[in-house]
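Peer 1: Okay, so here is model28.pdb, and as you'll see once you scroll down, it has PDB, C-alpha atoms.
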MODEL        1
ATOM      1  CA  MET X   1     -14.652 -61.365  -0.715
ATOM      2  CA  ALA X   2     -11.397 -59.606  -0.049
ATOM      3  CA  ALA X   3     -10.004 -60.730  -3.403
ATOM      4  CA  ALA X   4     -13.120 -59.606  -5.228
ATOM      5  CA  THR X   5     -12.842 -56.019  -3.932
ATOM      6  CA  ARG X   6      -9.085 -55.658  -4.185
ATOM      7  CA  GLY X   7      -8.109 -52.594  -6.289
ATOM      8  CA  CYS X   8     -11.607 -51.053  -6.017
ATOM      9  CA  TRP X   9     -12.755 -48.010  -3.984
ATOM     10  CA  PRO X  10     -14.737 -48.990  -0.867
ATOM     11  CA  TRP X  11     -18.266 -47.610  -1.200
ATOM     12  CA  GLY X  12     -17.983 -45.617   2.014
ATOM     13  CA  SER X  13     -14.752 -43.990   0.890
ATOM     14  CA  PHE X  14     -16.351 -43.060  -2.446
ATOM     15  CA  LEU X  15     -19.261 -41.374  -0.694
ATOM     16  CA  GLY X  16     -16.836 -39.590   1.586
ATOM     17  CA  LEU X  17     -14.899 -38.289  -1.415
ATOM     18  CA  LEU X  18     -18.103 -37.012  -2.993
ATOM     19  CA  GLY X  19     -18.927 -35.250   0.238
ATOM     20  CA  LEU X  20     -15.550 -33.516   0.355
ATOM     21  CA  LEU X  21     -15.859 -32.423  -3.268
ATOM     22  CA  SER X  22     -19.343 -31.012  -2.727
ATOM     23  CA  VAL X  23     -18.157 -28.991   0.258
ATOM     24  CA  ALA X  24     -15.155 -27.722  -1.690
ATOM     25  CA  PHE X  25     -17.229 -26.607  -4.670
ATOM     26  CA  ALA X  26     -19.856 -25.020  -2.447
ATOM     27  CA  ALA X  27     -17.168 -22.951  -0.774
ATOM     28  CA  TRP X  28     -15.446 -22.108  -4.061
ATOM     29  CA  ASP X  29     -17.039 -19.050  -5.613
ATOM     30  CA  LEU X  30     -18.049 -19.678  -9.258
ATOM     31  CA  ALA X  31     -16.275 -16.507 -10.353
ATOM     32  CA  SER X  32     -13.060 -17.696  -8.732
ATOM     33  CA  LEU X  33     -13.486 -21.044 -10.485
ATOM     34  CA  HIS X  34     -13.743 -19.325 -13.865
ATOM     35  CA  CYS X  35     -10.762 -17.125 -13.072
ATOM     36  CA  ASN X  36      -8.742 -20.138 -12.125
ATOM     37  CA  PHE X  37      -9.437 -22.198 -15.237
ATOM     38  CA  GLY X  38      -9.472 -19.399 -17.772
ATOM     39  CA  ASP X  39      -9.629 -15.669 -18.291
ATOM     40  CA  PHE X  40     -13.420 -15.575 -18.543
ATOM     41  CA  CYS X  41     -13.659 -13.014 -15.771
ATOM     42  CA  GLU X  42     -11.478 -11.080 -13.382
ATOM     43  CA  CYS X  43     -13.164 -11.921 -10.086
ATOM     44  CA  ASP X  44     -14.629  -8.758  -8.494
ATOM     45  CA  PHE X  45     -12.068  -6.480 -10.170
ATOM     46  CA  ARG X  46     -14.130  -3.465 -11.327
ATOM     47  CA  PRO X  47     -11.835  -0.436 -11.791
ATOM     48  CA  ASP X  48     -13.520   2.968 -11.525
ATOM     49  CA  PHE X  49     -10.893   5.529 -12.468
ATOM     50  CA  GLN X  50     -13.342   8.415 -12.648
ATOM     51  CA  GLY X  51     -14.418   7.813  -9.070
ATOM     52  CA  LEU X  52     -10.815   7.392  -7.925
ATOM     53  CA  GLU X  53      -9.650  10.631  -9.546
ATOM     54  CA  CYS X  54     -12.631  12.525  -8.147
ATOM     55  CA  ASP X  55     -12.016  11.251  -4.620
ATOM     56  CA  LEU X  56      -8.310  12.026  -4.800
ATOM     57  CA  ALA X  57      -8.998  15.545  -6.070
ATOM     58  CA  GLN X  58     -11.494  16.263  -3.294
ATOM     59  CA  HIS X  59      -9.905  14.611  -0.291
ATOM     60  CA  LEU X  60      -6.156  14.110  -0.746
ATOM     61  CA  ALA X  61      -4.521  17.356   0.365
ATOM     62  CA  GLY X  62      -1.138  18.571  -0.858
ATOM     63  CA  GLN X  63      -0.039  15.507  -2.834
ATOM     64  CA  HIS X  64       0.235  16.498  -6.499
ATOM     65  CA  LEU X  65       2.955  13.909  -7.168
ATOM     66  CA  ALA X  66       1.103  11.006  -5.550
ATOM     67  CA  LYS X  67      -2.137  11.767  -7.403
ATOM     68  CA  ALA X  68      -0.465  11.918 -10.797
ATOM     69  CA  LEU X  69       1.859   8.939 -10.332
ATOM     70  CA  VAL X  70      -0.698   6.518  -8.892
ATOM     71  CA  VAL X  71      -3.413   7.231 -11.454
ATOM     72  CA  LYS X  72      -1.003   7.149 -14.395
ATOM     73  CA  ALA X  73       0.567   3.852 -13.312
ATOM     74  CA  LEU X  74      -2.795   2.201 -12.625
ATOM     75  CA  LYS X  75      -4.368   3.243 -15.914
ATOM     76  CA  ALA X  76      -1.406   2.036 -17.964
ATOM     77  CA  PHE X  77      -1.358  -1.287 -16.122
ATOM     78  CA  VAL X  78      -5.096  -2.013 -16.191
ATOM     79  CA  HIS X  79      -5.482  -1.041 -19.853
ATOM     80  CA  ASP X  80      -2.648  -3.369 -20.864
ATOM     81  CA  PRO X  81      -4.342  -6.644 -21.908
ATOM     82  CA  ALA X  82      -1.141  -8.640 -21.396
ATOM     83  CA  PRO X  83       1.188  -7.045 -18.817
ATOM     84  CA  THR X  84       4.626  -8.630 -18.579
ATOM     85  CA  LYS X  85       4.865  -8.176 -14.798
ATOM     86  CA  PRO X  86       2.697  -7.194 -11.830
ATOM     87  CA  LEU X  87       2.268  -3.536 -10.917
ATOM     88  CA  VAL X  88       4.497  -2.717  -7.931
ATOM     89  CA  LEU X  89       4.112   0.660  -6.196
ATOM     90  CA  SER X  90       5.983   1.872  -3.131
ATOM     91  CA  LEU X  91       4.459   4.763  -1.145
ATOM     92  CA  HIS X  92       6.899   6.767   0.987
ATOM     93  CA  GLY X  93       6.522   9.724   3.319
ATOM     94  CA  TRP X  94       5.822  11.164   6.735
ATOM     95  CA  THR X  95       3.031   9.843   8.915
ATOM     96  CA  GLY X  96      -0.429  11.265   8.257
ATOM     97  CA  THR X  97       0.340  12.428   4.709
ATOM     98  CA  GLY X  98      -2.171  10.095   3.008
ATOM     99  CA  LYS X  99      -0.327   6.857   2.185
ATOM    100  CA  SER X 100      -2.791   4.520   3.905
ATOM    101  CA  TYR X 101      -5.710   6.620   2.697
ATOM    102  CA  VAL X 102      -4.608   6.278  -0.927
ATOM    103  CA  SER X 103      -4.126   2.519  -0.581
ATOM    104  CA  SER X 104      -7.650   2.179   0.830
ATOM    105  CA  LEU X 105      -9.025   4.201  -2.095
ATOM    106  CA  LEU X 106      -7.285   1.882  -4.547
ATOM    107  CA  ALA X 107      -8.993  -1.116  -2.977
ATOM    108  CA  GLN X 108     -12.316   0.734  -2.975
ATOM    109  CA  TYR X 109     -12.195   1.804  -6.617
ATOM    110  CA  LEU X 110     -10.532  -1.281  -8.080
ATOM    111  CA  PHE X 111     -12.558  -4.041  -6.413
ATOM    112  CA  ARG X 112     -16.291  -4.316  -5.982
ATOM    113  CA  GLY X 113     -15.851  -5.399  -2.363
ATOM    114  CA  GLY X 114     -13.237  -2.765  -1.527
ATOM    115  CA  LEU X 115     -11.054  -3.680   1.426
ATOM    116  CA  ARG X 116     -13.477  -6.522   2.204
ATOM    117  CA  SER X 117     -12.933  -8.152  -1.161
ATOM    118  CA  PRO X 118     -11.514 -11.686  -0.856
ATOM    119  CA  HIS X 119      -8.933 -10.621  -3.437
ATOM    120  CA  VAL X 120      -7.548  -7.694  -1.391
ATOM    121  CA  HIS X 121      -4.912  -8.826   1.111
ATOM    122  CA  HIS X 122      -3.632  -6.414   3.768
ATOM    123  CA  PHE X 123      -0.518  -7.286   5.782
ATOM    124  CA  SER X 124       0.542  -5.507   8.970
ATOM    125  CA  PRO X 125       3.838  -6.311  10.744
ATOM    126  CA  VAL X 126       2.284  -6.009  14.198
ATOM    127  CA  ILE X 127      -0.546  -8.414  13.336
ATOM    128  CA  HIS X 128       0.966 -10.838  10.821
ATOM    129  CA  PHE X 129       4.724 -10.803  11.535
ATOM    130  CA  PRO X 130       5.119  -9.832  15.212
ATOM    131  CA  HIS X 131       8.051 -12.100  16.148
ATOM    132  CA  PRO X 132      11.335 -11.711  14.202
ATOM    133  CA  SER X 133      12.493 -15.088  15.506
ATOM    134  CA  HIS X 134       9.717 -16.760  13.462
ATOM    135  CA  ILE X 135      10.869 -15.291  10.162
ATOM    136  CA  GLU X 136      11.394 -18.625   8.401
ATOM    137  CA  ARG X 137       7.835 -19.680   9.171
ATOM    138  CA  TYR X 138       6.569 -16.267   8.060
ATOM    139  CA  LYS X 139       8.432 -16.640   4.759
ATOM    140  CA  LYS X 140       6.881 -20.027   4.099
ATOM    141  CA  ASP X 141       3.371 -18.867   5.033
ATOM    142  CA  LEU X 142       3.616 -15.641   3.022
ATOM    143  CA  LYS X 143       4.830 -17.437  -0.091
ATOM    144  CA  SER X 144       2.016 -20.006   0.192
ATOM    145  CA  TRP X 145      -0.603 -17.319   0.786
ATOM    146  CA  ILE X 146       0.379 -15.268  -2.256
ATOM    147  CA  GLN X 147       0.746 -18.307  -4.483
ATOM    148  CA  GLY X 148      -2.608 -19.750  -3.393
ATOM    149  CA  ASN X 149      -4.523 -16.506  -3.801
ATOM    150  CA  LEU X 150      -3.022 -15.749  -7.200
ATOM    151  CA  THR X 151      -4.126 -19.224  -8.245
ATOM    152  CA  ALA X 152      -7.673 -18.347  -7.169
ATOM    153  CA  CYS X 153      -7.599 -14.929  -8.870
ATOM    154  CA  SER X 154      -4.810 -13.345 -10.882
ATOM    155  CA  ARG X 155      -6.375  -9.912 -10.282
ATOM    156  CA  SER X 156      -5.363  -9.683  -6.616
ATOM    157  CA  LEU X 157      -4.154  -6.711  -4.582
ATOM    158  CA  PHE X 158      -1.507  -7.173  -1.868
ATOM    159  CA  LEU X 159      -0.967  -4.285   0.575
ATOM    160  CA  PHE X 160       2.075  -4.314   2.851
ATOM    161  CA  ASP X 161       1.769  -1.663   5.556
ATOM    162  CA  GLU X 162       4.636  -0.247   7.647
ATOM    163  CA  MET X 163       7.406  -1.786   5.586
ATOM    164  CA  ASP X 164       9.912  -0.046   7.856
ATOM    165  CA  LYS X 165       8.805  -2.313  10.729
ATOM    166  CA  LEU X 166       9.089  -5.658   8.931
ATOM    167  CA  PRO X 167      11.862  -8.129   9.860
ATOM    168  CA  PRO X 168      14.855  -7.897   7.492
ATOM    169  CA  GLY X 169      14.845 -10.614   4.847
ATOM    170  CA  LEU X 170      11.117 -11.402   4.967
ATOM    171  CA  MET X 171      10.315  -9.650   1.706
ATOM    172  CA  GLU X 172      12.878 -11.616  -0.300
ATOM    173  CA  VAL X 173      10.210 -14.308  -0.848
ATOM    174  CA  LEU X 174       8.321 -11.782  -2.992
ATOM    175  CA  ARG X 175      11.049 -11.379  -5.605
ATOM    176  CA  PRO X 176       9.869 -14.246  -7.874
ATOM    177  CA  PHE X 177       6.358 -12.742  -7.887
ATOM    178  CA  LEU X 178       7.421  -9.177  -8.762
ATOM    179  CA  GLY X 179       9.602  -9.705 -11.820
ATOM    180  CA  SER X 180       8.916 -10.271 -15.498
ATOM    181  CA  SER X 181       8.854 -14.080 -15.636
ATOM    182  CA  TRP X 182       5.682 -15.464 -17.224
ATOM    183  CA  VAL X 183       4.931 -18.095 -14.627
ATOM    184  CA  VAL X 184       5.931 -18.440 -10.971
ATOM    185  CA  TYR X 185       5.453 -21.776  -9.245
ATOM    186  CA  GLY X 186       2.919 -22.674 -11.932
ATOM    187  CA  THR X 187       0.820 -19.577 -11.170
ATOM    188  CA  ASN X 188      -0.188 -16.822 -13.565
ATOM    189  CA  TYR X 189       0.638 -13.699 -11.596
ATOM    190  CA  ARG X 190       1.179 -10.899 -14.125
ATOM    191  CA  LYS X 191      -2.077  -9.053 -13.352
ATOM    192  CA  ALA X 192      -1.501  -8.726  -9.614
ATOM    193  CA  ILE X 193      -0.888  -5.404  -7.845
ATOM    194  CA  PHE X 194       1.555  -5.026  -4.954
ATOM    195  CA  ILE X 195       1.616  -1.869  -2.833
ATOM    196  CA  PHE X 196       4.254  -1.180  -0.180
ATOM    197  CA  ILE X 197       3.716   1.557   2.412
ATOM    198  CA  SER X 198       6.661   2.968   4.342
ATOM    199  CA  ASN X 199       7.779   5.953   6.412
ATOM    200  CA  THR X 200      11.286   5.401   5.049
ATOM    201  CA  GLY X 201      12.460   8.384   3.027
ATOM    202  CA  GLY X 202      10.096  10.704   4.891
ATOM    203  CA  GLU X 203      12.943  12.722   6.404
ATOM    204  CA  GLN X 204      14.600  13.116   3.005
ATOM    205  CA  ILE X 205      11.328  14.211   1.413
ATOM    206  CA  ASN X 206      10.730  16.709   4.224
ATOM    207  CA  GLN X 207      14.230  18.118   3.808
ATOM    208  CA  ALA X 208      13.739  18.570   0.062
ATOM    209  CA  VAL X 209      10.411  20.365   0.558
ATOM    210  CA  LEU X 210      11.948  22.573   3.253
ATOM    211  CA  GLU X 211      14.793  23.529   0.911
ATOM    212  CA  ALA X 212      12.290  24.323  -1.836
ATOM    213  CA  TRP X 213      10.442  26.616   0.586
ATOM    214  CA  HIS X 214      13.700  28.348   1.528
ATOM    215  CA  ASN X 215      14.359  28.879  -2.190
ATOM    216  CA  ARG X 216      10.865  30.352  -2.638
ATOM    217  CA  ARG X 217       9.740  27.511  -4.890
ATOM    218  CA  ASP X 218       6.130  26.417  -4.861
ATOM    219  CA  ARG X 219       5.675  22.819  -3.696
ATOM    220  CA  GLU X 220       3.849  21.986  -6.958
ATOM    221  CA  GLU X 221       7.143  22.709  -8.736
ATOM    222  CA  ILE X 222       8.812  19.781  -6.947
ATOM    223  CA  ARG X 223       9.309  16.842  -9.313
ATOM    224  CA  LEU X 224       9.791  13.134  -8.755
ATOM    225  CA  GLN X 225      13.317  13.286 -10.196
ATOM    226  CA  GLU X 226      14.357  15.459  -7.241
ATOM    227  CA  LEU X 227      13.068  13.023  -4.613
ATOM    228  CA  GLU X 228      13.407   9.509  -6.023
ATOM    229  CA  PRO X 229      17.226   9.183  -5.643
ATOM    230  CA  ALA X 230      17.102  10.268  -1.975
ATOM    231  CA  ILE X 231      14.253   7.833  -1.218
ATOM    232  CA  SER X 232      16.089   4.987  -2.940
ATOM    233  CA  ARG X 233      19.249   5.691  -0.943
ATOM    234  CA  ALA X 234      17.264   5.714   2.302
ATOM    235  CA  VAL X 235      15.708   2.362   1.408
ATOM    236  CA  LEU X 236      19.017   0.750   0.491
ATOM    237  CA  ASP X 237      20.855   2.065   3.548
ATOM    238  CA  ASN X 238      21.808  -0.200   6.399
ATOM    239  CA  PRO X 239      19.267   0.206   9.263
ATOM    240  CA  HIS X 240      21.806   2.404  11.055
ATOM    241  CA  ARG X 241      20.888   5.463   9.029
ATOM    242  CA  GLU X 242      21.871   9.096   9.239
ATOM    243  CA  PHE X 243      19.375  11.728  10.286
ATOM    244  CA  CYS X 244      18.618  14.997   8.524
ATOM    245  CA  PRO X 245      19.568  17.948  10.729
ATOM    246  CA  GLY X 246      16.624  20.018  11.934
ATOM    247  CA  VAL X 247      14.030  17.526  10.704
ATOM    248  CA  PRO X 248      12.308  15.079  13.101
ATOM    249  CA  THR X 249      12.703  11.342  12.501
ATOM    250  CA  GLN X 250      10.184   8.530  12.584
ATOM    251  CA  GLY X 251      10.609   4.862  13.456
ATOM    252  CA  PRO X 252      13.353   2.432  12.492
ATOM    253  CA  ALA X 253      15.056   2.231   9.124
ATOM    254  CA  SER X 254      13.676   0.365   6.125
ATOM    255  CA  ASP X 255      14.121  -3.137   7.476
ATOM    256  CA  GLY X 256      11.434  -4.556   5.162
ATOM    257  CA  PHE X 257      13.208  -3.518   1.960
ATOM    258  CA  TRP X 258      16.699  -4.038   3.341
ATOM    259  CA  ARG X 259      18.205  -7.357   2.186
ATOM    260  CA  SER X 260      15.111  -8.116   0.079
ATOM    261  CA  GLY X 261      16.592  -7.406  -3.366
ATOM    262  CA  ILE X 262      13.424  -5.547  -4.400
ATOM    263  CA  MET X 263      15.163  -2.201  -4.881
ATOM    264  CA  GLU X 264      18.468  -3.614  -6.124
ATOM    265  CA  GLU X 265      16.746  -5.574  -8.898
ATOM    266  CA  HIS X 266      14.588  -2.570  -9.877
ATOM    267  CA  LEU X 267      11.320  -4.413  -9.266
ATOM    268  CA  LEU X 268       9.410  -1.254  -8.268
ATOM    269  CA  ASP X 269       7.410   0.342 -11.070
ATOM    270  CA  ALA X 270       7.017   3.630  -9.206
ATOM    271  CA  VAL X 271       8.328   5.208  -6.020
ATOM    272  CA  VAL X 272       5.540   7.519  -4.854
ATOM    273  CA  PRO X 273       6.594  10.351  -2.502
ATOM    274  CA  PHE X 274       4.117  11.961  -0.104
ATOM    275  CA  LEU X 275       5.071  15.513   0.877
ATOM    276  CA  PRO X 276       4.758  16.929   4.422
ATOM    277  CA  LEU X 277       1.524  18.805   5.045
ATOM    278  CA  GLN X 278       1.367  22.513   5.793
ATOM    279  CA  ARG X 279      -1.191  24.421   7.845
ATOM    280  CA  HIS X 280      -3.656  24.960   4.987
ATOM    281  CA  HIS X 281      -3.546  21.256   4.159
ATOM    282  CA  VAL X 282      -4.464  20.350   7.733
ATOM    283  CA  ARG X 283      -7.301  22.863   7.516
ATOM    284  CA  HIS X 284      -8.492  21.079   4.369
ATOM    285  CA  CYS X 285      -8.474  17.766   6.281
ATOM    286  CA  VAL X 286     -10.497  19.275   9.136
ATOM    287  CA  LEU X 287     -13.154  20.561   6.725
ATOM    288  CA  ASN X 288     -13.291  17.169   4.992
ATOM    289  CA  GLU X 289     -13.740  15.369   8.300
ATOM    290  CA  LEU X 290     -16.541  17.724   9.359
ATOM    291  CA  ALA X 291     -18.276  17.077   6.043
ATOM    292  CA  GLN X 292     -17.909  13.306   6.549
ATOM    293  CA  LEU X 293     -19.627  13.731   9.917
ATOM    294  CA  GLY X 294     -22.463  15.624   8.235
ATOM    295  CA  LEU X 295     -21.536  18.854  10.030
ATOM    296  CA  GLU X 296     -21.290  22.377   8.675
ATOM    297  CA  PRO X 297     -17.860  24.057   8.716
ATOM    298  CA  ARG X 298     -17.224  25.634  12.113
ATOM    299  CA  ASP X 299     -14.410  28.150  12.275
ATOM    300  CA  GLU X 300     -13.890  27.707  16.016
ATOM    301  CA  VAL X 301     -13.405  23.939  15.615
ATOM    302  CA  VAL X 302     -11.032  24.372  12.679
ATOM    303  CA  GLN X 303      -8.976  26.948  14.568
ATOM    304  CA  ALA X 304      -8.881  24.828  17.731
ATOM    305  CA  VAL X 305      -7.576  21.805  15.812
ATOM    306  CA  LEU X 306      -4.897  23.897  14.099
ATOM    307  CA  GLU X 307      -3.789  25.454  17.391
ATOM    308  CA  SER X 308      -3.481  22.008  19.000
ATOM    309  CA  THR X 309      -1.355  20.662  16.116
ATOM    310  CA  THR X 310       2.429  20.582  16.420
ATOM    311  CA  PHE X 311       4.421  21.972  13.491
ATOM    312  CA  PHE X 312       8.101  21.763  12.571
ATOM    313  CA  PRO X 313      10.875  22.875  12.101
ATOM    314  CA  GLU X 314      10.874  24.785  15.363
ATOM    315  CA  ASP X 315      11.781  28.134  13.792
ATOM    316  CA  GLU X 316       9.580  28.085  10.678
ATOM    317  CA  GLN X 317       6.617  25.998  12.000
ATOM    318  CA  LEU X 318       5.831  24.848   8.454
ATOM    319  CA  PHE X 319       4.830  21.177   8.516
ATOM    320  CA  SER X 320       2.449  19.190  10.683
ATOM    321  CA  SER X 321       4.273  16.602  12.816
ATOM    322  CA  ASN X 322       1.426  14.103  12.395
ATOM    323  CA  GLY X 323       0.005  15.298   9.097
ATOM    324  CA  CYS X 324      -3.745  14.731   9.189
ATOM    325  CA  LYS X 325      -3.508  11.506  11.200
ATOM    326  CA  THR X 326      -4.980  12.894  14.440
ATOM    327  CA  VAL X 327      -7.502  15.277  12.895
ATOM    328  CA  ALA X 328     -10.550  13.047  13.524
ATOM    329  CA  SER X 329      -9.768  12.549  17.215
ATOM    330  CA  ARG X 330      -9.016  16.235  17.713
ATOM    331  CA  ILE X 331     -12.296  17.244  16.087
ATOM    332  CA  ALA X 332     -14.189  14.942  18.430
ATOM    333  CA  PHE X 333     -12.461  16.591  21.367
ATOM    334  CA  PHE X 334     -13.408  20.134  20.287
ATOM    335  CA  LEU X 335     -17.000  19.527  19.163
TER     336      LEU X 335
ENDMDL
END
I'd like the structure from this file rewritten - as structure tokens, please.

Peer 2:
Amino acid sequence: MAAATRGCWPWGSFLGLLGLLSVAFAAWDLASLHCNFGDFCECDFRPDFQGLECDLAQHLAGQHLAKALVVKALKAFVHDPAPTKPLVLSLHGWTGTGKSYVSSLLAQYLFRGGLRSPHVHHFSPVIHFPHPSHIERYKKDLKSWIQGNLTACSRSLFLFDEMDKLPPGLMEVLRPFLGSSWVVYGTNYRKAIFIFISNTGGEQINQAVLEAWHNRRDREEIRLQELEPAISRAVLDNPHREFCPGVPTQGPASDGFWRSGIMEEHLLDAVVPFLPLQRHHVRHCVLNELAQLGLEPRDEVVQAVLESTTFFPEDEQLFSSNGCKTVASRIAFFL
């Protein structure tokens, strides 16, 4: 009997294999299957540029550069039927200026499921990479995660929050995925979008806007060419950075970009600066938040929030120290 069955699958093992396959295919979304084996679909990628531009115009205060750069880069990338590399954007600026808000809008208007889409991946250093001593394990896991999800759907969005708090060297595993090679580890990756969010460069941006104000220039006259070199230098600096005199500082240096090779190899498609917010921008945020709550504008609430907000520099009192980040909680306090 043993000789008769040698080289054949035992019946029980065959049934077990069928069971595993049925579970796998049940869990594997049909759209993802099509995306994996051909370009018949693009998962739940459903870009709505009209909605994105409308939302940015209505709710993003004081960020003319960010609005123009993000929309232009996205349109060019999405309308290209055969991009040679993924789209890589790096958002820089002071806290509360709209970086995280813009990234959430991109997920909302690019994917049918928004931030809940299985093809939108959000990484936070506090949650996903809390222990610097585990960096080698993090590198291995991050590489596997990106490779596996790009295999499931080439139209994937990867958001990396608080880049300035990431362990140095972690991001170097991304370099093969961000360049212009056609295939990485056997995975088609050219239609992916990577977005990095960082406070790094915020002090330099604030200093440039302050100087423009001193020179009586309108903030809408500020151009990317004035800010990009200073942001790049801040990113490439050793973590022991210099501080801008008279301008507050935030957090550690750009550890996430430092020693990653991302900037040195020019893998970023756009550096997107977010300018510090002035008093009328904070007012705009208060009115937006009241509208979101279904409330009519109330002058006493708006004024109370503005009076409780800290502005800098000390002499001019021009820019909000926290942007619009604490507006919602302050409104709740004064209602």

Peer 1: Provide the CA of Asn199 (chain X) to CA of Leu174 (chain X) distance in Å, to one decimal place.

Peer 2: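 Pair CA of Asn199 (chain X) / CA of Leu174 (chain X) returns 20.1 Å.
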
Peer 1: For a test of reading the model, state the distance in Å between CA of Arg283 (chain X) and CA of Leu306 (chain X), rounded to one decimal.

Peer 2: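 Calculated distance between CA of Arg283 (chain X) and CA of Leu306 (chain X) is 7.1 Å.
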
Peer 1: Excluding Phe49 (chain X) and any residue of its chain fewer than 6 positions from it, enumerate the residues within 10 Å of it, using all atoms listed in the file, and give them as an NGL selection string.

Peer 2: :X and (55 or 71 or 74-75 or 106 or 109-110)

Peer 1: Can you pull out every residue within 12 Å of Val184 (chain X), counting only C-alpha atoms, but drop anything in the same chain fewer than 5 positions away, and send it as a ChimeraX atom specification?

Peer 2: /X:85-86,143-144,146-148,150-151,154,173-179,189-190

Peer 1: Using only C-alpha atoms, which residue out of X:Leu275, X:Val120, X:Ala107, X:Leu268 lies closest to Ala212 (chain X)?

Peer 2: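 Using only C-alpha atoms, the shortest distance to Ala212 (chain X) belongs to X:Leu275.
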
Peer 1: Nearest to Met171 (chain X): which of X:Cys54, X:Ile127, X:Met263, X:Leu115 is it, counting all atoms listed in the file?

Peer 2: X:Met263

Peer 1: Measuring between only C-alpha atoms, which one of X:Asn188, X:Ser260, X:Ser117, X:Ser320 shows the shortest distance to Lys139 (chain X)?

Peer 2: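 Of the candidates, the smallest distance to Lys139 (chain X) is held by X:Ser260.
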
Peer 1: Work out how far CA of Pro167 (chain X) is from CA of Ser133 (chain X), in Å to one decimal.

Peer 2: 9.0 Å

Peer 1: For Glu307 (chain X), work out the shell of residues within 12 Å, counting only C-alpha atoms and skipping chain neighbours fewer than 4 positions away, then give it as a ChimeraX atom specification.

Peer 2: /X:279,282-283,300-303,311,317,320,327,330-331,334

Peer 1: To test your reading of the syntax: which residues would the PyMOL selection byres ((chain X and resi 118) around 10) return for the file shown? Reply as a list in words.

Peer 2: Cys43, Asp44, Phe111, Gly113, Gly114, Leu115, Arg116, Ser117, His119, Val120, His121, Asn149, Ala152, Cys153, Ser156 and Leu157 of chain X

Peer 1: Counting all atoms listed in the file, figure out which residue out of X:Gly93, X:Gly202, X:Gly186, X:Pro130 gets nearest to Ala66 (chain X).

Peer 2: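 Checking each candidate against Ala66 (chain X), we get X:Gly93 as the closest.
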
Peer 1: Work out where the centre of an axis-aligned box around every listed atom of region 69-75 of chain X lies and how long its edges are once 4 Å is added on each side; give both in Å to one decimal as lines of an AutoDock Vina configuration file.

Peer 2:
center_x = -1.3
center_y = 5.6
center_z = -12.4
size_x = 14.2
size_y = 14.7
size_z = 15.0

Peer 1: Extract, using all atoms listed in the file, all DNA, RNA and protein residues at most 10 Å from Phe196 (chain X), discarding same-chain residues fewer than 4 positions from it, and format them as JSON, numbers by chain.

Peer 2: {"X": [88, 89, 90, 91, 92, 99, 100, 103, 123, 158, 159, 160, 161, 162, 163, 164, 256, 257, 268, 271, 272]}

Peer 1: Which residues, named as in the file, does the PyMOL selection byres ((chain X and resi 326) around 12) pick out? Answer as a list in words.

Peer 2: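 For this structure, the PyMOL selection byres ((chain X and resi 326) around 12) resolves to Thr95, Gly96, Thr97, Val282, Cys285, Val286, Glu289, Val305, Leu306, Ser308, Thr309, Thr310, Ser320, Ser321, Asn322, Gly323, Cys324, Lys325, Val327, Ala328, Ser329, Arg330, Ile331, Ala332 and Phe333 of chain X.
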